[in-house]
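K.L.:
Structure file data_27.csv (CSV, C-alpha atoms) right here:
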```csv
chain,number,residue,atom,x,y,z
N,201,MET,CA,102.8,106.1,150.0
N,202,LEU,CA,104.1,103.9,147.1
N,203,SER,CA,101.9,105.6,144.6
N,204,TYR,CA,102.9,109.0,146.0
N,205,LEU,CA,106.6,108.3,145.6
N,206,LEU,CA,106.0,107.0,142.1
N,207,ALA,CA,104.3,110.2,141.1
N,208,ILE,CA,107.0,112.3,142.7
N,209,SER,CA,109.7,110.4,140.8
N,210,LEU,CA,108.0,110.9,137.5
N,211,MET,CA,107.1,114.6,137.8
N,212,PRO,CA,110.5,116.1,136.9
N,213,SER,CA,110.7,114.1,133.7
N,214,ILE,CA,107.1,114.9,132.7
N,215,ALA,CA,107.7,118.6,133.3
N,216,LEU,CA,110.8,118.7,131.1
N,217,MET,CA,109.1,116.7,128.3
N,218,VAL,CA,106.2,119.1,128.4
N,219,TYR,CA,108.6,122.1,128.2
N,220,VAL,CA,110.5,120.7,125.2
N,221,TYR,CA,107.2,119.7,123.5
N,222,LYS,CA,105.9,123.2,123.7
N,223,LYS,CA,109.2,124.6,122.3
N,224,ASP,CA,108.6,122.5,119.1
N,225,ARG,CA,107.3,125.4,117.0
N,226,CYS,CA,107.5,124.1,113.4
N,227,GLU,CA,105.2,121.1,113.7
N,228,LYS,CA,104.3,119.2,116.9
N,229,GLU,CA,105.4,115.6,116.9
N,230,PRO,CA,102.6,113.0,117.2
N,231,LEU,CA,102.0,111.9,120.8
N,232,LYS,CA,102.1,108.3,119.7
N,233,LEU,CA,105.6,108.7,118.4
N,234,LEU,CA,106.7,110.5,121.6
N,235,ALA,CA,105.2,107.8,123.8
N,236,LEU,CA,107.1,105.2,121.8
N,237,LEU,CA,110.3,107.2,122.2
N,238,PHE,CA,109.7,107.4,126.0
N,239,GLY,CA,109.0,103.7,126.1
N,240,VAL,CA,112.2,102.7,124.2
N,241,GLY,CA,114.0,105.0,126.6
N,242,VAL,CA,112.7,103.0,129.5
N,243,PHE,CA,113.6,99.8,127.6
N,244,SER,CA,117.1,101.0,126.9
N,245,CYS,CA,117.9,100.7,130.6
N,246,ILE,CA,117.9,97.0,130.4
N,247,PRO,CA,120.8,96.4,128.0
N,248,ALA,CA,122.6,99.4,129.5
N,249,ILE,CA,122.4,97.8,133.0
N,250,ILE,CA,123.5,94.4,131.8
N,251,CYS,CA,126.5,95.9,130.1
N,252,GLU,CA,127.3,98.1,133.1
N,253,LEU,CA,127.3,95.1,135.4
N,254,ILE,CA,129.5,93.0,133.1
N,255,PHE,CA,131.9,95.9,132.7
N,256,ASP,CA,132.0,96.7,136.4
N,257,SER,CA,132.9,93.1,137.3
N,258,VAL,CA,135.7,93.0,134.7
N,259,ASN,CA,136.9,96.4,135.5
N,260,THR,CA,137.0,95.9,139.2
N,261,ASN,CA,138.9,92.6,138.9
N,262,LEU,CA,141.3,94.1,136.4
N,263,PHE,CA,142.1,97.1,138.6
N,264,LYS,CA,142.6,94.8,141.6
N,265,ILE,CA,145.2,92.8,139.7
N,266,ILE,CA,147.2,95.9,139.0
N,267,GLY,CA,146.8,97.3,142.5
N,268,PHE,CA,144.1,99.9,141.8
N,269,SER,CA,140.7,100.0,143.4
N,270,ALA,CA,137.7,102.2,144.1
N,271,ALA,CA,139.0,102.7,147.7
N,272,GLN,CA,139.0,106.3,148.8
N,273,GLU,CA,142.2,106.0,150.8
N,274,ASP,CA,144.4,106.6,147.7
N,275,LEU,CA,142.9,109.5,145.9
N,276,GLY,CA,145.2,109.2,142.9
N,277,LYS,CA,144.3,105.6,142.2
N,278,ASN,CA,140.7,106.3,142.9
N,279,ILE,CA,140.6,109.1,140.3
N,280,ILE,CA,141.9,106.7,137.7
N,281,TYR,CA,139.5,104.0,138.6
N,282,GLN,CA,136.5,106.4,138.7
N,283,PHE,CA,137.5,107.9,135.4
N,284,VAL,CA,137.5,104.5,133.6
N,285,ASP,CA,134.4,103.3,135.4
N,286,ASN,CA,132.3,106.4,134.8
N,287,PHE,CA,133.3,107.3,131.2
N,288,LEU,CA,133.4,103.7,129.8
N,289,GLY,CA,131.4,101.7,132.3
N,290,VAL,CA,128.4,104.1,132.7
N,291,ALA,CA,128.3,107.0,130.2
N,292,LEU,CA,129.3,105.0,127.2
N,293,PHE,CA,126.6,102.3,127.6
N,294,GLU,CA,123.8,104.6,128.7
N,295,GLU,CA,124.2,107.1,126.0
N,296,PHE,CA,124.9,104.5,123.3
N,297,PHE,CA,121.7,102.6,124.0
N,298,LYS,CA,119.7,105.8,124.2
N,299,TRP,CA,121.1,106.8,120.8
N,300,LEU,CA,120.6,103.4,119.3
N,301,PHE,CA,116.9,103.2,120.1
N,302,MET,CA,116.3,106.8,119.1
N,303,TYR,CA,118.0,106.2,115.8
N,304,LEU,CA,116.1,102.9,115.0
N,305,VAL,CA,112.8,104.6,115.7
N,306,THR,CA,113.2,107.9,114.0
N,307,ARG,CA,115.9,107.7,111.3
N,308,LYS,CA,113.3,107.1,108.5
N,309,ASN,CA,110.2,108.5,110.3
N,310,LYS,CA,108.2,110.8,108.1
N,311,ASN,CA,107.7,113.2,111.0
N,312,PHE,CA,111.4,113.9,111.3
N,313,ASP,CA,111.2,117.1,109.2
N,314,SER,CA,113.0,119.9,111.1
N,315,LEU,CA,116.2,120.4,113.1
N,316,PHE,CA,114.4,120.8,116.5
N,317,ASP,CA,112.8,117.4,116.1
N,318,GLY,CA,116.2,115.8,116.8
N,319,ILE,CA,116.2,117.5,120.2
N,320,VAL,CA,112.6,116.4,120.9
N,321,TYR,CA,113.4,112.8,120.1
N,322,ALA,CA,116.6,112.6,122.1
N,323,VAL,CA,115.0,114.3,125.2
N,324,PHE,CA,112.0,112.0,125.2
N,325,VAL,CA,114.2,108.9,125.0
N,326,SER,CA,116.5,110.3,127.7
N,327,MET,CA,113.5,111.1,130.0
N,328,GLY,CA,112.3,107.5,129.5
N,329,PHE,CA,115.6,106.3,130.7
N,330,ALA,CA,115.8,108.8,133.5
N,331,SER,CA,112.3,108.1,134.8
N,332,PHE,CA,112.9,104.3,135.0
N,333,GLU,CA,116.2,104.9,136.9
N,334,ASN,CA,114.7,107.6,139.1
N,335,ILE,CA,111.9,105.4,140.4
N,336,PHE,CA,114.3,103.0,142.0
N,337,TYR,CA,116.4,105.8,143.6
N,338,VAL,CA,113.3,107.5,145.0
N,339,LEU,CA,111.7,104.4,146.3
N,340,GLU,CA,115.0,103.6,148.2
N,341,GLY,CA,115.9,107.2,149.3
N,342,GLY,CA,112.5,108.9,149.7
N,343,LEU,CA,111.6,112.5,149.3
N,344,SER,CA,115.0,113.9,150.0
N,345,THR,CA,116.5,111.9,147.2
N,346,ALA,CA,113.6,112.9,144.9
N,347,ALA,CA,114.2,116.5,145.6
N,348,ILE,CA,118.0,116.4,144.9
N,349,ARG,CA,117.6,114.3,141.7
N,350,ALA,CA,114.8,116.6,140.5
N,351,VAL,CA,117.4,119.4,140.0
N,352,THR,CA,120.5,117.3,139.2
N,353,SER,CA,120.2,113.8,137.7
N,354,ILE,CA,116.9,114.2,135.8
N,355,PRO,CA,117.8,117.6,134.2
N,356,GLY,CA,121.2,116.1,133.6
N,357,HIS,CA,119.8,113.3,131.4
N,358,MET,CA,117.8,116.0,129.5
N,359,PHE,CA,120.9,118.0,129.0
N,360,PHE,CA,122.8,115.1,127.5
N,361,GLY,CA,119.7,114.5,125.3
N,362,VAL,CA,119.8,118.1,124.1
N,363,PHE,CA,123.3,117.8,122.9
N,364,MET,CA,122.6,114.4,121.3
N,365,GLY,CA,119.5,115.8,119.6
N,366,TYR,CA,121.3,118.9,118.3
N,367,TYR,CA,123.9,116.9,116.4
N,368,TYR,CA,121.3,114.3,115.4
N,369,GLY,CA,119.3,117.1,113.8
N,370,GLN,CA,122.4,118.3,111.9
N,371,TRP,CA,123.1,114.7,110.7
N,372,HIS,CA,119.5,114.6,109.5
N,373,LEU,CA,119.9,117.8,107.6
N,374,GLN,CA,123.0,116.5,105.8
N,375,LYS,CA,121.1,113.3,104.9
N,376,VAL,CA,118.2,115.3,103.4
N,377,ALA,CA,120.6,117.5,101.5
N,378,SER,CA,122.3,114.4,100.0
N,379,ASP,CA,118.9,112.9,99.1
N,380,TYR,CA,117.8,116.1,97.3
N,381,GLU,CA,121.2,116.3,95.5
N,382,LYS,CA,120.9,112.7,94.2
N,383,ILE,CA,117.3,113.3,93.0
N,384,TYR,CA,118.2,116.5,91.2
N,385,ALA,CA,121.2,114.6,89.6
N,386,LYS,CA,118.9,111.7,88.6
N,387,CYS,CA,116.5,114.2,87.0
N,388,GLY,CA,119.4,115.6,85.0
N,389,LEU,CA,119.1,119.0,86.6
N,390,ILE,CA,122.6,119.1,88.1
N,391,THR,CA,125.9,117.3,88.0
N,392,ILE,CA,127.0,116.3,91.5
N,393,LYS,CA,130.2,118.0,92.5
N,394,PRO,CA,132.3,117.7,95.6
N,395,PRO,CA,132.4,118.0,98.5
N,396,ALA,CA,129.7,115.4,99.2
N,397,PHE,CA,127.1,116.0,101.9
N,398,SER,CA,128.2,113.9,104.8
N,399,GLY,CA,126.6,113.5,108.2
N,400,GLY,CA,129.3,111.3,109.6
N,401,LYS,CA,130.9,114.0,111.7
N,402,TYR,CA,127.6,115.0,113.2
N,403,MET,CA,126.6,111.4,113.9
N,404,ALA,CA,129.9,110.9,115.7
N,405,LEU,CA,129.4,114.1,117.8
N,406,CYS,CA,125.8,112.9,118.5
N,407,LEU,CA,127.4,110.1,120.6
N,408,ILE,CA,130.8,111.5,121.7
N,409,VAL,CA,129.5,114.8,123.2
N,410,PRO,CA,126.8,113.2,125.4
N,411,ILE,CA,129.2,110.5,126.5
N,412,LEU,CA,131.9,113.0,127.5
N,413,PHE,CA,129.5,115.3,129.4
N,414,HIS,CA,127.7,112.3,131.1
N,415,GLY,CA,131.0,110.7,132.0
N,416,PHE,CA,132.4,114.0,133.4
N,417,TYR,CA,129.2,114.6,135.4
N,418,ASP,CA,129.3,111.1,137.0
N,419,PHE,CA,133.1,111.3,137.5
N,420,CYS,CA,132.9,114.5,139.5
N,421,LEU,CA,130.3,113.0,141.8
N,422,SER,CA,132.2,109.7,142.2
N,423,VAL,CA,135.5,111.2,143.5
N,424,ASP,CA,135.3,112.0,147.2
N,425,SER,CA,136.9,115.4,147.1
N,426,ALA,CA,135.7,118.9,147.9
N,427,LEU,CA,137.4,120.2,144.8
N,428,PHE,CA,135.5,117.8,142.5
N,429,ASN,CA,132.3,118.7,144.3
N,430,LEU,CA,132.9,122.3,143.4
N,431,VAL,CA,133.7,121.4,139.8
N,432,PHE,CA,130.5,119.4,139.6
N,433,PHE,CA,128.3,122.3,140.7
N,434,ILE,CA,130.1,124.7,138.2
N,435,PHE,CA,129.6,122.1,135.5
N,436,LEU,CA,126.0,121.6,136.4
N,437,ILE,CA,125.4,125.4,136.1
N,438,PHE,CA,127.1,125.4,132.7
N,439,LEU,CA,124.9,122.5,131.5
N,440,TYR,CA,121.7,124.4,132.7
N,441,ILE,CA,122.8,127.6,130.8
N,442,LYS,CA,124.1,125.9,127.7
N,443,SER,CA,121.2,123.5,127.3
N,444,PHE,CA,118.3,125.9,127.9
N,445,SER,CA,119.9,128.5,125.6
N,446,THR,CA,120.3,125.8,122.9
N,447,ILE,CA,116.7,124.9,123.2
N,448,LYS,CA,115.6,128.5,123.1
N,449,LYS,CA,117.8,129.3,120.1
N,450,MET,CA,116.9,126.2,118.1
N,451,SER,CA,113.2,126.6,118.9
N,452,ALA,CA,113.2,130.3,117.7
N,453,SER,CA,114.9,129.5,114.4
N,454,ASP,CA,113.2,126.2,113.7
N,455,ILE,CA,111.8,125.7,110.2
N,456,ALA,CA,111.0,122.8,107.9
N,457,ASP,CA,114.2,120.9,106.9
N,458,HIS,CA,113.5,121.2,103.2
N,459,LYS,CA,113.6,125.0,103.4
N,460,VAL,CA,117.0,124.9,105.1
N,461,VAL,CA,118.2,122.3,102.5
N,462,THR,CA,117.1,124.5,99.6
N,463,GLY,CA,119.4,127.3,100.9
N,464,ILE,CA,122.3,124.8,101.3
N,465,LEU,CA,121.8,123.5,97.8
N,466,TYR,CA,121.6,127.0,96.3
N,467,ASN,CA,125.0,127.8,97.8
N,468,LYS,CA,126.5,124.7,96.3
N,469,TYR,CA,124.5,124.8,93.0
N,470,PRO,CA,123.6,128.4,92.2
N,471,GLU,CA,122.2,127.2,88.9
N,472,LEU,CA,119.3,125.7,90.8
N,473,ILE,CA,117.9,129.1,91.4
N,474,GLN,CA,117.3,129.6,87.7
N,475,ILE,CA,116.3,126.0,87.2
N,476,HIS,CA,113.6,126.4,89.9
N,477,ALA,CA,112.3,129.4,88.0
N,478,ASN,CA,112.1,127.4,84.8
N,479,SER,CA,108.6,126.1,83.8
N,480,ASN,CA,110.1,122.8,82.7
N,481,TYR,CA,111.4,122.2,86.2
N,482,ASN,CA,108.1,121.1,87.7
N,483,GLN,CA,107.4,118.8,84.8
N,484,GLN,CA,110.8,117.1,85.2
N,485,ILE,CA,110.3,116.6,88.9
N,486,ASN,CA,106.7,115.4,88.5
N,487,MET,CA,108.0,112.7,86.1
N,488,HIS,CA,110.5,111.6,88.7
N,489,ASN,CA,107.8,111.6,91.4
N,490,GLN,CA,106.1,108.8,89.5
N,491,GLN,CA,109.2,106.7,90.1
N,492,THR,CA,109.7,107.4,93.8
N,493,ASP,CA,107.4,108.1,96.7
N,494,TYR,CA,110.3,109.3,98.8
N,495,PHE,CA,110.5,112.6,97.0
N,496,TYR,CA,107.0,113.4,98.1
N,497,HIS,CA,108.2,113.1,101.7
N,498,LEU,CA,111.1,115.4,101.1
N,499,ARG,CA,109.0,118.1,99.6
N,500,ARG,CA,106.0,117.9,101.8
```
Step by step, read the file and then write its structure as structure tokens.

P.N.:
Amino acid sequence: MLSYLLAISLMPSIALMVYVYKKDRCEKEPLKLLALLFGVGVFSCIPAIICELIFDSVNTNLFKIIGFSAAQEDLGKNIIYQFVDNFLGVALFEEFFKWLFMYLVTRKNKNFDSLFDGIVYAVFVSMGFASFENIFYVLEGGLSTAAIRAVTSIPGHMFFGVFMGYYYGQWHLQKVASDYEKIYAKCGLITIKPPAFSGGKYMALCLIVPILFHGFYDFCLSVDSALFNLVFFIFLIFLYIKSFSTIKKMSASDIADHKVVTGILYNKYPELIQIHANSNYNQQINMHNQQTDYFYHLRR
């Protein structure tokens, strides 16, 4: 029975990972890398749980001092308590540690070479986190819990991962564009002009959007109110539609990042079009290639 419940608890995550993996059209990610991302997703549960327990203790005591609690008798006070607890005590820690481990593993990985890769990475980390969490819920609650979480919590973690991965891919694109720009400038092909390529906005959104969505998801479930239950189901439907449409759109338009960056650079530096057509261009680049291996990765 134990092995059966374990299998049931892992099936939704596996199905969603297979789905996203198949949608990766440009170049499939190595299974070894994906297994590592799933593994660090599992591991990210540990620091997240520790931080959640510490925050919960501090938060509960603090709210008791000012006369607020998680008690359902006072809906107004409960809403404030649940808002703080779910957005800061749960969503913030869980999404931060998922993002952190994804970033550490993939930020300089040579396989990160298209926009859709960001979604793949974030989803696999999220499914590692969700799988570990789901095992305990299913072992405690049984098949009914497994069935409910298979269409709510597990897809929910994937949805948060899709939004995280979308902005992570945009950040990566800005980074590659900046790297190209610096190399062209170092080769004497262009003079860098503003505005600078910056992925700061996208990196911020990579964290903020999943935290807000995750926090609102948990918040609606935590408040004992028919209205909030209705809002939750509407929000869940929105997440299903928006996430799968994003996956479909990004998969259909996915191409190697250096091709996208070429277009971006042409818009900022129209002179590059003529430079690329110049026979001396390849000679200049090849000379620079002898000084840096990184450019080979950018142009592969």

K.L.:
Return the single residue from N:Ser331, N:Ser422, N:Ala346, N:Phe359 that is closest to Ser445 in chain N, with distances computed using all atoms listed in the file.

P.N.:
N:Phe359

K.L.:
Which residues are close to Gln370 in chain N, i.e. within 9 Å by only C-alpha atoms, leaving aside same-chain residues fewer than 4 positions away? Reply as a PDB file with C-alpha atoms, in the coordinates of the input.

P.N.:
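As written to disk, result.pdb reads:
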```pdb
ATOM      1  CA  LEU N 315     116.200 120.400 113.100  1.00  0.00           C
ATOM      2  CA  GLY N 318     116.200 115.800 116.800  1.00  0.00           C
ATOM      3  CA  GLY N 365     119.500 115.800 119.600  1.00  0.00           C
ATOM      4  CA  TYR N 366     121.300 118.900 118.300  1.00  0.00           C
ATOM      5  CA  GLN N 374     123.000 116.500 105.800  1.00  0.00           C
ATOM      6  CA  LYS N 375     121.100 113.300 104.900  1.00  0.00           C
ATOM      7  CA  GLY N 399     126.600 113.500 108.200  1.00  0.00           C
ATOM      8  CA  TYR N 402     127.600 115.000 113.200  1.00  0.00           C
ATOM      9  CA  MET N 403     126.600 111.400 113.900  1.00  0.00           C
TER      10      MET N 403
END
```

K.L.:
From the set N:Ala248, N:Leu206, N:Leu304, N:Ala215, which residue has the shortest atom-to-atom contact distance to Leu236 in chain N, counting all atoms listed in the file?

P.N.:
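Nearest to Leu236 in chain N: N:Leu304.
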
K.L.:
Could the residues of range 273-357 of chain N that have an atom at most 12 Å from range 447-452 of chain N be listed as CSV, each with its closest atom pair and the distance in Å to one decimal, counting all atoms listed in the file and ordered by chain and ascending residue number?

P.N.:
```
residue,atom,partner,partner_atom,distance
N:Ser314,CA,N:Met450,CA,10.2
N:Leu315,CA,N:Met450,CA,7.7
N:Phe316,CA,N:Met450,CA,6.2
N:Asp317,CA,N:Ser451,CA,9.6
N:Gly318,CA,N:Met450,CA,10.5
N:Ile319,CA,N:Ile447,CA,8.0
N:Val320,CA,N:Ile447,CA,9.7
N:Val323,CA,N:Ile447,CA,10.9
```

K.L.:
If you measure from CA of Phe296 in chain N to CA of Phe238 in chain N, what distance in Å do you get, rounded to one decimal?

P.N.:
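One can read the CA of Phe296 in chain N to CA of Phe238 in chain N distance as 15.7 Å.
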
K.L.:
Show me, as a VMD selection string, the residues that have an atom within 12 Å of Ile437 in chain N when counting only C-alpha atoms, minus same-chain residues fewer than 2 positions from it.

P.N.:
chain N and resid 351 to 352 355 to 356 359 417 430 to 435 439 to 444

K.L.:
Do you know which residues lie at most 8 Å from (106.0, 116.7, 113.6), with coordinates as in the file and all atoms listed in the file counted, and could you write them as number ranges by chain?

P.N.:
N: 226-230, 311-313, 317

K.L.:
When you count only C-alpha atoms, which of these residues is closest to Gln282 in chain N: N:Met211, N:Gly241, N:Val362, N:Asn259?

P.N.:
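Closest residue, counting only C-alpha atoms: N:Asn259.
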
K.L.:
Could you check how far CA of Ala322 in chain N sits from CA of Glu340 in chain N, in Å to one decimal?

P.N.:
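Computed distance, CA of Ala322 in chain N to CA of Glu340 in chain N, equals 27.7 Å.
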
K.L.:
Do you have the CA of Gln474 in chain N-CA of His372 in chain N distance handy?

P.N.:
26.6 Å

K.L.:
Using only C-alpha atoms, which of the listed residues (N:Leu202, N:Lys393, N:Ala404, N:Met327) sits closest to Ala350 in chain N?

P.N.:
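The answer is N:Met327, which sits nearest to Ala350 in chain N.
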
K.L.:
So that I can see what lies close to Asp256 in chain N, please list as a list in words the residues with an atom at most 9 Å from it, counting only C-alpha atoms and leaving out residues fewer than 5 positions away in the same chain.

P.N.:
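Contacts, with the query itself left out: Cys251, Asn261, Asp285 and Gly289 of chain N.
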
K.L.:
Given all atoms listed in the file as the basis, pick out the residue of N:Glu295, N:Ser344, N:Ser244, N:Thr260 nearest to Tyr281 in chain N.

P.N.:
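Once distances to Tyr281 in chain N are computed over all atoms listed in the file, the minimum belongs to N:Thr260.
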
K.L.:
Could you please fill out range 446-460 of chain N with N, CA, C and O atoms and send it back as a PDB file, in the frame of the given file?

P.N.:
```pdb
ATOM      1  N   THR N 446     120.385 126.578 124.167  1.00  0.00           N
ATOM      2  CA  THR N 446     120.300 125.800 122.900  1.00  0.00           C
ATOM      3  C   THR N 446     118.884 125.543 122.522  1.00  0.00           C
ATOM      4  O   THR N 446     118.496 125.702 121.356  1.00  0.00           O
ATOM      5  N   ILE N 447     118.094 125.121 123.492  1.00  0.00           N
ATOM      6  CA  ILE N 447     116.700 124.900 123.200  1.00  0.00           C
ATOM      7  C   ILE N 447     115.982 126.127 122.748  1.00  0.00           C
ATOM      8  O   ILE N 447     115.236 126.116 121.757  1.00  0.00           O
ATOM      9  N   LYS N 448     116.229 127.216 123.441  1.00  0.00           N
ATOM     10  CA  LYS N 448     115.600 128.500 123.100  1.00  0.00           C
ATOM     11  C   LYS N 448     116.002 128.942 121.686  1.00  0.00           C
ATOM     12  O   LYS N 448     115.166 129.355 120.877  1.00  0.00           O
ATOM     13  N   LYS N 449     117.291 128.844 121.381  1.00  0.00           N
ATOM     14  CA  LYS N 449     117.800 129.300 120.100  1.00  0.00           C
ATOM     15  C   LYS N 449     117.265 128.394 118.960  1.00  0.00           C
ATOM     16  O   LYS N 449     116.813 128.895 117.922  1.00  0.00           O
ATOM     17  N   MET N 450     117.311 127.080 119.151  1.00  0.00           N
ATOM     18  CA  MET N 450     116.900 126.200 118.100  1.00  0.00           C
ATOM     19  C   MET N 450     115.346 126.259 117.902  1.00  0.00           C
ATOM     20  O   MET N 450     114.857 126.135 116.782  1.00  0.00           O
ATOM     21  N   SER N 451     114.615 126.488 118.975  1.00  0.00           N
ATOM     22  CA  SER N 451     113.200 126.600 118.900  1.00  0.00           C
ATOM     23  C   SER N 451     112.798 127.897 118.095  1.00  0.00           C
ATOM     24  O   SER N 451     111.918 127.877 117.225  1.00  0.00           O
ATOM     25  N   ALA N 452     113.486 128.989 118.390  1.00  0.00           N
ATOM     26  CA  ALA N 452     113.200 130.300 117.700  1.00  0.00           C
ATOM     27  C   ALA N 452     113.473 130.258 116.258  1.00  0.00           C
ATOM     28  O   ALA N 452     112.812 130.954 115.478  1.00  0.00           O
ATOM     29  N   SER N 453     114.480 129.492 115.853  1.00  0.00           N
ATOM     30  CA  SER N 453     114.900 129.500 114.400  1.00  0.00           C
ATOM     31  C   SER N 453     114.424 128.243 113.697  1.00  0.00           C
ATOM     32  O   SER N 453     114.842 128.006 112.564  1.00  0.00           O
ATOM     33  N   ASP N 454     113.560 127.456 114.311  1.00  0.00           N
ATOM     34  CA  ASP N 454     113.200 126.200 113.700  1.00  0.00           C
ATOM     35  C   ASP N 454     112.255 126.384 112.509  1.00  0.00           C
ATOM     36  O   ASP N 454     111.260 127.117 112.571  1.00  0.00           O
ATOM     37  N   ILE N 455     112.635 125.748 111.395  1.00  0.00           N
ATOM     38  CA  ILE N 455     111.800 125.700 110.200  1.00  0.00           C
ATOM     39  C   ILE N 455     111.908 124.347 109.567  1.00  0.00           C
ATOM     40  O   ILE N 455     112.758 123.544 109.956  1.00  0.00           O
ATOM     41  N   ALA N 456     111.045 124.078 108.610  1.00  0.00           N
ATOM     42  CA  ALA N 456     111.000 122.800 107.900  1.00  0.00           C
ATOM     43  C   ALA N 456     112.401 122.503 107.305  1.00  0.00           C
ATOM     44  O   ALA N 456     113.018 123.405 106.735  1.00  0.00           O
ATOM     45  N   ASP N 457     112.841 121.266 107.374  1.00  0.00           N
ATOM     46  CA  ASP N 457     114.200 120.900 106.900  1.00  0.00           C
ATOM     47  C   ASP N 457     114.367 121.202 105.402  1.00  0.00           C
ATOM     48  O   ASP N 457     115.436 121.618 104.970  1.00  0.00           O
ATOM     49  N   HIS N 458     113.316 121.005 104.589  1.00  0.00           N
ATOM     50  CA  HIS N 458     113.500 121.200 103.200  1.00  0.00           C
ATOM     51  C   HIS N 458     113.762 122.646 102.801  1.00  0.00           C
ATOM     52  O   HIS N 458     114.408 122.937 101.788  1.00  0.00           O
ATOM     53  N   LYS N 459     113.310 123.567 103.649  1.00  0.00           N
ATOM     54  CA  LYS N 459     113.600 125.000 103.400  1.00  0.00           C
ATOM     55  C   LYS N 459     115.060 125.293 103.691  1.00  0.00           C
ATOM     56  O   LYS N 459     115.699 126.060 102.960  1.00  0.00           O
ATOM     57  N   VAL N 460     115.585 124.691 104.757  1.00  0.00           N
ATOM     58  CA  VAL N 460     117.000 124.900 105.100  1.00  0.00           C
ATOM     59  C   VAL N 460     117.861 124.251 103.981  1.00  0.00           C
ATOM     60  O   VAL N 460     118.847 124.842 103.525  1.00  0.00           O
TER      61      VAL N 460
END
```
